[in-house]
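Trainee: See input.cif below, with mmCIF, C-alpha atoms and all ligand atoms.
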```cif
data_my_file
#
loop_
_atom_site.label_atom_id
_atom_site.label_comp_id
_atom_site.auth_asym_id
_atom_site.auth_seq_id
_atom_site.Cartn_x
_atom_site.Cartn_y
_atom_site.Cartn_z
CA HIS Z 279 -29.84 75.90 -54.00
CA PRO Z 280 -30.51 74.26 -50.62
CA PRO Z 281 -33.73 75.56 -48.97
CA THR Z 282 -33.44 78.86 -47.10
CA SER Z 283 -33.57 77.30 -43.64
CA GLN Z 284 -30.72 74.96 -44.58
CA MET Z 285 -28.72 77.90 -46.00
CA GLU Z 286 -29.32 79.78 -42.72
CA GLU Z 287 -28.02 76.81 -40.72
CA ILE Z 288 -24.87 76.62 -42.86
CA SER Z 289 -24.35 80.37 -42.61
CA LEU Z 290 -24.92 80.34 -38.84
CA LEU Z 291 -22.48 77.49 -38.31
CA ARG Z 292 -19.85 79.17 -40.49
CA ARG Z 293 -20.27 82.45 -38.68
CA SER Z 294 -20.18 80.98 -35.18
CA ASP Z 295 -17.04 79.11 -36.20
CA CYS Z 296 -15.51 82.41 -37.35
CA ARG Z 297 -16.51 84.13 -34.09
CA ALA Z 298 -15.13 81.26 -32.02
CA LYS Z 299 -11.80 81.62 -33.80
CA GLY Z 300 -11.80 85.38 -33.17
CA GLY Z 301 -12.81 84.87 -29.54
CA ALA Z 302 -15.97 86.97 -30.02
CA PRO Z 303 -19.21 85.77 -28.38
CA GLY Z 304 -22.34 85.47 -30.46
CA PHE Z 305 -25.42 85.77 -28.29
CA LYS Z 306 -28.84 84.37 -29.18
CA VAL Z 307 -31.63 86.87 -28.63
CA ALA Z 308 -35.41 86.46 -28.95
CA ILE Z 309 -37.95 89.28 -29.17
CA LEU Z 310 -41.51 88.33 -28.13
CA GLY Z 311 -44.01 90.76 -29.63
CA ALA Z 312 -41.60 91.41 -32.48
CA ALA Z 313 -44.19 92.56 -35.03
CA GLY Z 314 -45.51 95.40 -32.86
CA GLY Z 315 -44.83 99.10 -32.68
CA ILE Z 316 -41.82 98.56 -30.40
CA GLY Z 317 -40.97 95.08 -31.68
CA GLN Z 318 -40.25 96.07 -35.29
CA PRO Z 319 -37.76 98.91 -34.75
CA LEU Z 320 -36.28 96.95 -31.82
CA ALA Z 321 -35.74 93.96 -34.10
CA MET Z 322 -33.96 96.25 -36.56
CA LEU Z 323 -31.70 97.69 -33.87
CA VAL Z 324 -30.88 94.28 -32.37
CA LYS Z 325 -30.05 92.98 -35.88
CA MET Z 326 -27.44 95.77 -35.96
CA ASN Z 327 -25.82 94.66 -32.69
CA PRO Z 328 -22.49 92.94 -33.43
CA LEU Z 329 -22.78 90.88 -30.21
CA VAL Z 330 -25.83 89.05 -31.59
CA SER Z 331 -25.38 85.95 -33.79
CA LEU Z 332 -28.98 84.72 -33.87
CA LEU Z 333 -32.19 86.74 -33.60
CA HIS Z 334 -35.56 85.04 -33.13
CA LEU Z 335 -38.66 87.12 -33.85
CA TYR Z 336 -41.88 85.81 -32.26
CA ASP Z 337 -45.38 87.26 -32.41
CA VAL Z 338 -48.95 86.07 -32.84
CA VAL Z 339 -49.20 88.05 -36.13
CA ASN Z 340 -47.05 89.24 -39.05
CA THR Z 341 -43.65 87.76 -38.16
CA PRO Z 342 -43.03 86.23 -41.62
CA GLY Z 343 -43.07 89.68 -43.23
CA VAL Z 344 -41.05 91.41 -40.52
CA THR Z 345 -38.50 88.58 -40.57
CA ALA Z 346 -38.15 88.60 -44.38
CA ASP Z 347 -37.66 92.37 -44.30
CA ILE Z 348 -35.08 92.45 -41.50
CA SER Z 349 -33.22 89.41 -42.80
CA HIS Z 350 -32.05 91.45 -45.81
CA MET Z 351 -29.93 93.72 -43.60
CA ASN Z 352 -26.31 92.73 -44.20
CA THR Z 353 -25.35 92.61 -40.54
CA GLY Z 354 -23.99 89.59 -38.66
CA ALA Z 355 -27.06 88.14 -36.93
CA VAL Z 356 -29.12 85.44 -38.62
CA VAL Z 357 -32.86 86.15 -38.25
CA ARG Z 358 -35.65 83.60 -37.91
CA GLY Z 359 -39.38 84.22 -37.57
CA PHE Z 360 -41.89 82.32 -35.42
CA LEU Z 361 -45.65 82.77 -35.68
CA GLY Z 362 -48.25 81.91 -33.07
CA GLN Z 363 -48.37 79.89 -29.88
CA PRO Z 364 -47.45 76.53 -31.51
CA GLN Z 365 -44.06 78.04 -32.48
CA LEU Z 366 -43.31 79.70 -29.12
CA GLU Z 367 -41.15 76.86 -27.82
CA SER Z 368 -38.99 76.77 -30.97
CA ALA Z 369 -38.60 80.55 -30.72
CA LEU Z 370 -37.30 80.24 -27.15
CA ALA Z 371 -35.10 77.15 -27.27
CA GLY Z 372 -31.43 77.92 -26.67
CA MET Z 373 -31.83 81.69 -26.29
CA ASP Z 374 -29.48 83.73 -24.05
CA LEU Z 375 -31.58 86.91 -23.82
CA ILE Z 376 -35.35 87.35 -24.18
CA ILE Z 377 -36.84 90.80 -24.75
CA ILE Z 378 -40.61 91.10 -24.20
CA PRO Z 379 -42.54 94.02 -25.72
CA ALA Z 380 -45.71 91.89 -26.25
CA GLY Z 381 -49.02 93.36 -25.16
CA VAL Z 382 -51.45 96.19 -25.71
CA PRO Z 383 -50.41 99.85 -25.40
CA ARG Z 384 -52.31 102.74 -23.78
CA LYS Z 385 -54.79 105.10 -25.42
CA PRO Z 386 -55.42 108.66 -24.14
CA GLY Z 387 -57.14 108.68 -20.74
CA MET Z 388 -55.80 105.28 -19.71
CA THR Z 389 -53.29 104.47 -16.98
CA ARG Z 390 -50.71 101.72 -17.45
CA ASP Z 391 -52.62 99.73 -14.84
CA ASP Z 392 -55.65 99.74 -17.19
CA LEU Z 393 -53.56 97.38 -19.41
CA PHE Z 394 -53.24 94.81 -16.59
CA ASN Z 395 -56.22 92.64 -17.54
CA ILE Z 396 -54.89 91.87 -21.02
CA ASN Z 397 -51.13 92.06 -20.55
CA ALA Z 398 -50.88 90.06 -17.32
CA GLY Z 399 -52.11 86.93 -19.12
CA ILE Z 400 -49.81 87.51 -22.10
CA VAL Z 401 -46.77 87.89 -19.86
CA ARG Z 402 -47.72 84.82 -17.82
CA THR Z 403 -47.99 82.64 -20.95
CA LEU Z 404 -44.70 83.87 -22.38
CA CYS Z 405 -42.88 83.38 -19.07
CA GLU Z 406 -44.24 79.85 -18.75
CA GLY Z 407 -42.62 79.19 -22.13
CA ILE Z 408 -39.33 80.73 -20.97
CA ALA Z 409 -39.32 78.60 -17.79
CA LYS Z 410 -39.77 75.50 -19.93
CA CYS Z 411 -37.49 76.21 -22.89
CA CYS Z 412 -34.72 78.60 -21.81
CA PRO Z 413 -34.77 78.86 -17.98
CA GLY Z 414 -31.21 80.23 -17.89
CA ALA Z 415 -31.93 83.18 -20.21
CA ILE Z 416 -31.86 86.78 -19.05
CA VAL Z 417 -35.28 88.42 -19.45
CA ASN Z 418 -35.85 92.10 -20.31
CA LEU Z 419 -39.52 92.84 -19.64
CA ILE Z 420 -41.08 95.87 -21.36
CA SER Z 421 -44.84 95.04 -21.34
CA ASN Z 422 -46.90 97.34 -19.13
CA PRO Z 423 -47.73 97.76 -16.33
CA VAL Z 424 -44.05 96.93 -15.65
CA ASN Z 425 -44.58 97.52 -11.90
CA SER Z 426 -46.88 94.44 -11.93
CA THR Z 427 -45.62 92.38 -14.90
CA VAL Z 428 -42.17 91.85 -13.35
CA PRO Z 429 -43.71 90.39 -10.14
CA ILE Z 430 -45.95 88.24 -12.39
CA ALA Z 431 -42.89 86.90 -14.23
CA ALA Z 432 -41.12 86.22 -10.91
CA GLU Z 433 -44.12 84.22 -9.61
CA VAL Z 434 -44.35 82.19 -12.81
CA PHE Z 435 -40.63 81.34 -12.61
CA LYS Z 436 -40.96 80.50 -8.89
CA ASN Z 437 -43.83 78.10 -9.66
CA ALA Z 438 -41.69 76.44 -12.32
CA GLY Z 439 -38.69 76.23 -9.96
CA THR Z 440 -36.51 78.28 -12.33
CA TYR Z 441 -36.56 81.70 -10.65
CA ASN Z 442 -33.28 83.54 -10.41
CA PRO Z 443 -33.83 87.22 -9.51
CA LYS Z 444 -30.50 88.14 -11.13
CA ARG Z 445 -31.93 87.29 -14.53
CA LEU Z 446 -35.24 89.19 -14.48
CA LEU Z 447 -35.13 92.89 -15.33
CA GLY Z 448 -38.00 95.31 -15.97
CA VAL Z 449 -36.90 97.86 -18.57
CA THR Z 450 -36.99 101.46 -17.28
CA THR Z 451 -34.31 102.78 -19.62
CA LEU Z 452 -36.83 105.05 -21.39
CA ASP Z 453 -37.35 106.96 -18.13
CA VAL Z 454 -33.59 107.55 -17.95
CA ALA Z 455 -33.45 108.54 -21.65
CA ARG Z 456 -36.24 111.06 -21.11
CA ALA Z 457 -34.68 112.40 -17.92
CA ASN Z 458 -31.31 112.84 -19.66
CA THR Z 459 -33.00 114.61 -22.61
CA PHE Z 460 -35.17 116.98 -20.56
CA VAL Z 461 -32.39 117.84 -18.06
CA ALA Z 462 -29.95 118.49 -20.92
CA GLU Z 463 -32.52 120.86 -22.51
CA VAL Z 464 -32.83 122.84 -19.26
CA LEU Z 465 -29.08 122.99 -18.71
CA GLY Z 466 -28.16 123.62 -22.36
CA LEU Z 467 -25.98 120.46 -22.46
CA ASP Z 468 -25.54 117.60 -24.93
CA PRO Z 469 -27.99 114.87 -23.73
CA ARG Z 470 -25.32 112.22 -24.34
CA GLU Z 471 -23.23 113.81 -21.60
CA VAL Z 472 -26.00 113.82 -18.98
CA ASN Z 473 -26.83 110.94 -16.67
CA VAL Z 474 -29.86 111.10 -14.39
CA PRO Z 475 -30.59 108.14 -12.09
CA VAL Z 476 -34.32 107.32 -12.18
CA VAL Z 477 -35.51 104.96 -9.44
CA GLY Z 478 -38.76 103.50 -8.07
CA GLY Z 479 -40.90 102.03 -10.85
CA HIS Z 480 -42.37 102.75 -14.27
CA ALA Z 481 -45.70 104.59 -13.86
CA GLY Z 482 -46.56 108.16 -12.84
CA VAL Z 483 -45.39 109.02 -9.31
CA THR Z 484 -43.43 105.76 -9.05
CA ILE Z 485 -40.98 107.21 -11.63
CA LEU Z 486 -38.60 109.09 -9.34
CA PRO Z 487 -35.78 111.04 -11.00
CA LEU Z 488 -32.93 111.81 -8.58
CA LEU Z 489 -32.13 115.31 -9.77
CA SER Z 490 -29.77 115.82 -6.82
CA GLN Z 491 -27.54 113.08 -8.28
CA VAL Z 492 -27.28 114.27 -11.89
CA ASN Z 493 -23.95 113.74 -13.56
CA PRO Z 494 -22.26 116.14 -14.34
CA PRO Z 495 -23.06 117.73 -10.95
CA CYS Z 496 -25.43 120.69 -11.32
CA SER Z 497 -28.14 122.53 -9.43
CA PHE Z 498 -31.73 123.43 -10.30
CA THR Z 499 -34.18 126.09 -9.13
CA PRO Z 500 -37.32 124.81 -7.31
CA GLU Z 501 -39.33 125.67 -10.48
CA GLU Z 502 -36.96 123.61 -12.63
CA ILE Z 503 -37.23 120.67 -10.22
CA THR Z 504 -41.04 120.76 -10.35
CA TYR Z 505 -41.08 121.08 -14.14
CA LEU Z 506 -38.50 118.31 -14.72
CA THR Z 507 -40.00 115.85 -12.24
CA ASP Z 508 -43.47 116.32 -13.70
CA ARG Z 509 -42.27 116.02 -17.32
CA ILE Z 510 -40.20 112.87 -16.63
CA GLN Z 511 -43.05 111.23 -14.69
CA ASN Z 512 -45.51 112.02 -17.48
CA GLY Z 513 -43.26 111.47 -20.51
CA GLY Z 514 -45.22 108.37 -21.52
CA THR Z 515 -48.54 110.22 -21.29
CA GLU Z 516 -47.10 113.09 -23.36
CA VAL Z 517 -46.48 110.60 -26.21
CA VAL Z 518 -49.82 108.77 -25.74
CA GLU Z 519 -51.69 112.08 -26.05
CA ALA Z 520 -49.65 113.25 -29.05
CA LYS Z 521 -50.34 109.92 -30.81
CA ALA Z 522 -54.06 110.49 -30.08
CA GLY Z 523 -55.21 106.88 -30.00
CA ALA Z 524 -52.50 105.38 -32.26
CA GLY Z 525 -50.55 103.88 -29.34
CA SER Z 526 -47.72 104.87 -27.03
CA ALA Z 527 -43.97 105.39 -27.33
CA THR Z 528 -42.50 102.91 -29.81
CA LEU Z 529 -39.43 104.45 -31.46
CA SER Z 530 -37.86 105.97 -28.34
CA MET Z 531 -38.74 102.74 -26.51
CA ALA Z 532 -37.10 100.58 -29.18
CA TYR Z 533 -33.99 102.78 -28.86
CA ALA Z 534 -34.04 102.45 -25.06
CA ALA Z 535 -34.66 98.67 -25.15
CA ALA Z 536 -31.85 98.15 -27.67
CA LYS Z 537 -29.49 100.15 -25.46
CA PHE Z 538 -30.50 98.18 -22.38
CA ALA Z 539 -30.19 94.83 -24.19
CA ASP Z 540 -26.75 95.86 -25.39
CA ALA Z 541 -25.73 96.65 -21.79
CA CYS Z 542 -26.98 93.20 -20.70
CA LEU Z 543 -25.04 91.52 -23.52
CA ARG Z 544 -21.85 93.44 -22.72
CA GLY Z 545 -22.26 92.36 -19.09
CA MET Z 546 -22.79 88.75 -20.20
CA ARG Z 547 -19.60 89.02 -22.29
CA GLY Z 548 -17.75 90.00 -19.12
CA ASP Z 549 -17.26 93.75 -19.67
CA ALA Z 550 -16.60 95.60 -16.40
CA GLY Z 551 -18.50 98.56 -14.95
CA ILE Z 552 -21.83 98.20 -16.79
CA VAL Z 553 -24.36 100.08 -14.64
CA GLU Z 554 -27.99 100.70 -15.65
CA CYS Z 555 -31.23 101.52 -13.85
CA ALA Z 556 -33.77 98.67 -13.98
CA TYR Z 557 -36.85 97.45 -12.08
CA VAL Z 558 -35.73 94.30 -10.29
CA ALA Z 559 -36.14 92.13 -7.20
CA SER Z 560 -34.52 94.38 -4.65
CA GLN Z 561 -33.27 94.91 -1.12
CA VAL Z 562 -32.71 98.64 -1.64
CA THR Z 563 -36.01 99.48 0.11
CA GLU Z 564 -38.46 97.33 2.06
CA LEU Z 565 -40.35 96.59 -1.18
CA PRO Z 566 -39.67 93.28 -2.94
CA PHE Z 567 -39.26 95.04 -6.33
CA PHE Z 568 -37.77 98.45 -6.99
CA ALA Z 569 -35.99 100.25 -9.84
CA SER Z 570 -32.48 101.44 -9.09
CA LYS Z 571 -28.95 101.24 -10.41
CA VAL Z 572 -27.67 97.71 -10.93
CA ARG Z 573 -24.29 96.46 -12.12
CA LEU Z 574 -24.63 93.92 -14.92
CA GLY Z 575 -22.32 90.95 -15.42
CA ARG Z 576 -22.03 87.44 -16.80
CA ALA Z 577 -24.95 86.10 -14.74
CA GLY Z 578 -27.22 89.16 -15.07
CA ILE Z 579 -27.43 91.45 -12.02
CA GLU Z 580 -24.13 91.23 -10.12
CA GLU Z 581 -24.65 94.07 -7.67
CA MET Z 582 -27.39 96.40 -6.54
CA LEU Z 583 -26.11 99.90 -5.96
CA PRO Z 584 -27.43 101.92 -3.01
CA LEU Z 585 -29.83 104.82 -3.60
CA GLY Z 586 -27.35 107.39 -2.34
CA PRO Z 587 -28.29 110.54 -0.43
CA LEU Z 588 -31.77 111.92 -1.26
CA ASN Z 589 -32.91 115.48 -0.60
CA GLN Z 590 -36.18 116.29 1.16
CA PHE Z 591 -38.16 116.57 -2.11
CA GLU Z 592 -36.88 113.18 -3.25
CA ARG Z 593 -37.56 111.55 0.13
CA ALA Z 594 -41.19 112.74 -0.08
CA GLY Z 595 -41.36 111.45 -3.68
CA LEU Z 596 -39.98 108.09 -2.56
CA GLU Z 597 -42.74 107.68 0.04
CA LYS Z 598 -45.43 108.36 -2.60
CA ALA Z 599 -43.74 106.01 -5.06
CA LYS Z 600 -43.49 103.19 -2.51
CA LYS Z 601 -47.19 103.40 -1.64
CA GLU Z 602 -48.31 102.93 -5.26
CA LEU Z 603 -45.57 100.38 -5.99
CA ALA Z 604 -46.60 98.17 -3.06
CA GLU Z 605 -50.14 97.91 -4.49
CA SER Z 606 -48.96 97.19 -8.05
CA ILE Z 607 -46.55 94.51 -6.83
CA GLN Z 608 -49.26 92.82 -4.76
CA LYS Z 609 -51.66 92.92 -7.72
CA GLY Z 610 -49.10 91.10 -9.90
CA ILE Z 611 -48.33 88.46 -7.27
CA SER Z 612 -52.04 87.82 -6.54
CA PHE Z 613 -52.76 87.40 -10.26
CA VAL Z 614 -50.49 84.36 -10.44
CA LYS Z 615 -51.34 82.99 -6.97
CA LYS Z 616 -55.13 83.08 -7.34
P1 LIG R 701 -48.26 97.08 -30.19
O1 LIG R 701 -49.70 96.77 -30.02
O2 LIG R 701 -47.84 97.93 -31.32
O3 LIG R 701 -47.43 95.72 -30.29
C1 LIG R 701 -47.59 94.68 -29.38
C2 LIG R 701 -47.33 93.38 -30.11
O4 LIG R 701 -47.51 92.34 -29.17
C3 LIG R 701 -48.29 93.12 -31.29
O5 LIG R 701 -47.56 92.85 -32.46
C4 LIG R 701 -49.09 91.92 -30.82
O6 LIG R 701 -49.45 91.04 -31.88
C5 LIG R 701 -48.08 91.26 -29.88
N1 LIG R 701 -48.71 90.30 -28.99
C6 LIG R 701 -49.93 90.35 -28.40
N2 LIG R 701 -50.15 89.22 -27.70
C7 LIG R 701 -49.06 88.46 -27.84
C8 LIG R 701 -48.66 87.19 -27.37
N3 LIG R 701 -49.47 86.47 -26.59
N4 LIG R 701 -47.45 86.71 -27.71
C9 LIG R 701 -46.63 87.45 -28.49
N5 LIG R 701 -46.93 88.66 -28.98
C10 LIG R 701 -48.13 89.15 -28.65
O7 LIG R 701 -47.75 97.71 -28.80
P2 LIG R 701 -46.36 98.45 -28.52
O8 LIG R 701 -46.51 99.89 -28.77
O9 LIG R 701 -45.27 97.71 -29.21
O10 LIG R 701 -46.25 98.26 -26.92
C11 LIG R 701 -46.07 96.99 -26.36
C12 LIG R 701 -46.09 97.06 -24.83
O11 LIG R 701 -44.94 97.78 -24.36
C13 LIG R 701 -47.29 97.75 -24.24
O12 LIG R 701 -47.75 97.04 -23.12
C14 LIG R 701 -46.76 99.11 -23.81
O13 LIG R 701 -47.50 99.70 -22.79
C15 LIG R 701 -45.37 98.73 -23.37
N6 LIG R 701 -44.39 99.82 -23.29
C16 LIG R 701 -43.50 99.79 -22.26
C17 LIG R 701 -42.53 100.78 -22.16
C18 LIG R 701 -41.52 100.77 -21.04
O14 LIG R 701 -40.86 101.78 -20.82
N7 LIG R 701 -41.34 99.68 -20.34
C19 LIG R 701 -42.48 101.81 -23.12
C20 LIG R 701 -43.39 101.80 -24.17
C21 LIG R 701 -44.37 100.80 -24.24
C1 LIG R 702 -43.90 104.89 -21.75
O1 LIG R 702 -43.41 105.29 -20.70
O2 LIG R 702 -43.82 105.55 -22.80
C2 LIG R 702 -44.61 103.57 -21.77
O3 LIG R 702 -44.73 103.03 -20.49
C3 LIG R 702 -45.87 103.59 -22.52
C4 LIG R 702 -46.96 104.35 -21.83
O4 LIG R 702 -48.07 103.81 -21.74
O5 LIG R 702 -46.74 105.48 -21.41
#
```
The structure in this file should be written as structure tokens.
Mentor:
Amino acid sequence: HPPTSQMEEISLLRRSDCRAKGGAPGFKVAILGAAGGIGQPLAMLVKMNPLVSLLHLYDVVNTPGVTADISHMNTGAVVRGFLGQPQLESALAGMDLIIIPAGVPRKPGMTRDDLFNINAGIVRTLCEGIAKCCPGAIVNLISNPVNSTVPIAAEVFKNAGTYNPKRLLGVTTLDVARANTFVAEVLGLDPREVNVPVVGGHAGVTILPLLSQVNPPCSFTPEEITYLTDRIQNGGTEVVEAKAGAGSATLSMAYAAAKFADACLRGMRGDAGIVECAYVASQVTELPFFASKVRLGRAGIEEMLPLGPLNQFERAGLEKAKKELAESIQKGISFVKK
């Protein structure tokens, strides 16, 4: 038998040839932090995505085992593992989409901002690698505090001369998943049929569900609005406390990240009408970064949708969100500039 890596090459070439004949795209996706609590189930879900032909799994620990395990799934994508900083560049070369769940998670009593000191440096290093090895890739950033790590990534790309705001997206899909779930519970609906826009950012009061814009159209009592807003804003803390020191949301996050990555890939394929909420460079408010609905296409973000009409409760929430967001954005920018 030829060695495994040679077999993989042959298999990859054969499969891309097959896809080319069938007109189907095969995207190359890398997960950075792939051996972690989010990374492992996310790697499994991305391996199941028929739009993916090649999946690179990078981490500073344990990728050989995770890669061996996932590579036995008889789905289309070929999987390769990369371990440690010396292999980062090989992990990134030629990739179309990079998903980043690398970094430490919260423990009870911590805010997401308490993760800044460790995760800011991790995100900076990984983004320097992206700027060097795959500057045209779309980046889905999961590492917390997202409100600051996305500005950090933007600054790193600016310094490298590769920044394109259309290709950098902070993942807030879990906030939407939670909002859909909790609203569906209150209304007695199937959560798959509910769509709640969640705007602002990804931490506490910056998570702003627009309950006046729920689809299908519905109305809530003031008590329901208070309960839902509070539960959606503190969904992450609910999981951190339930896990009691063993980390934060991993499975629901892997589900949300896989869904968001799939939306990005469908946009890149040229599908029409792909709209998701994400934390991005924005002109929707006066802040340089803001989460809101974006339309995804071949080049990443193709259009930023307006916020739509907000009620008085939401307008007050927006003011609070903007105040905290402005500080988190500045903290991220200063980290790279200093
Ligand atoms: P985890 O500790 O289980 O896994 C993190 C992984 O990152 C580990 O395998 C670790 O080895 C790896 N890592 C550390 N430094 C690295 C580096 N320099 N390069 C590559 N990999 C590195 O944590 P987790 O539960 O998977 O959470 C990861 C991050 O995602 C945390 O910051 C968490 O707060 C965040 N998170 C974000 C959301 C969101 O909605 N955006 C949701 C849940 C968690
Ligand atoms: C979440 O919303 O679950 C994540 O941001 C993790 C956390 O720390 O809450």
Trainee: For a quick check of understanding, using all atoms listed in the file, which of Z:Glu597, Z:Thr528, Z:Phe360, Z:Ala371 has the smallest distance to Pro319 of chain Z?
Mentor: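 Under the stated criterion, the closest residue is Z:Thr528.
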Trainee: Which one of Z:Ala462, Z:Val417, Z:Ala481, Z:Leu446 sits closest to ligand LIG 701 (chain R) if you count only C-alpha atoms and all ligand atoms?
Mentor: Z:Ala481
Trainee: The centre and edge lengths of an axis-aligned box containing all atoms of ligand LIG 701 (chain R) present in the file, extended by 4 Å on each side, are to be given in Å to one decimal, as AutoDock Vina command-line options.
Mentor:
```
--center_x -45.5 --center_y 94.1 --center_z -26.4 --size_x 17.3 --size_y 23.3 --size_z 20.1
```
Trainee: At a cut-off of 7 Å and counting all atoms listed in the file, what residues surround ligand LIG 701 (chain R)? Please answer as a VMD selection string.
Mentor: chain Z and resid 310 to 317 336 to 339 379 to 384 390 393 397 400 403 to 404 420 to 424 449 to 453 480 525 to 528 531
Trainee: Which polymer residues have any atom within 7 Å of an atom of Tyr557 of chain Z, counting all atoms listed in the file, with same-chain residues fewer than 3 positions away left out, as number ranges by chain?
Mentor: Z: 447-450, 479, 567-570
Trainee: For Arg470 of chain Z, find every residue with an atom within 10 Å (counting only C-alpha atoms), except residues of its own chain fewer than 3 positions away, and show them as a JSON list (two decimals) with C-alpha atoms, in the coordinates of the input.
Mentor:
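So part13.json came out as:
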```json
[["chain", "number", "residue", "atom", "x", "y", "z"],
["Z", 455, "ALA", "CA", -33.45, 108.54, -21.65],
["Z", 458, "ASN", "CA", -31.31, 112.84, -19.66],
["Z", 459, "THR", "CA", -33.00, 114.61, -22.61],
["Z", 462, "ALA", "CA", -29.95, 118.49, -20.92],
["Z", 467, "LEU", "CA", -25.98, 120.46, -22.46],
["Z", 473, "ASN", "CA", -26.83, 110.94, -16.67]]
```
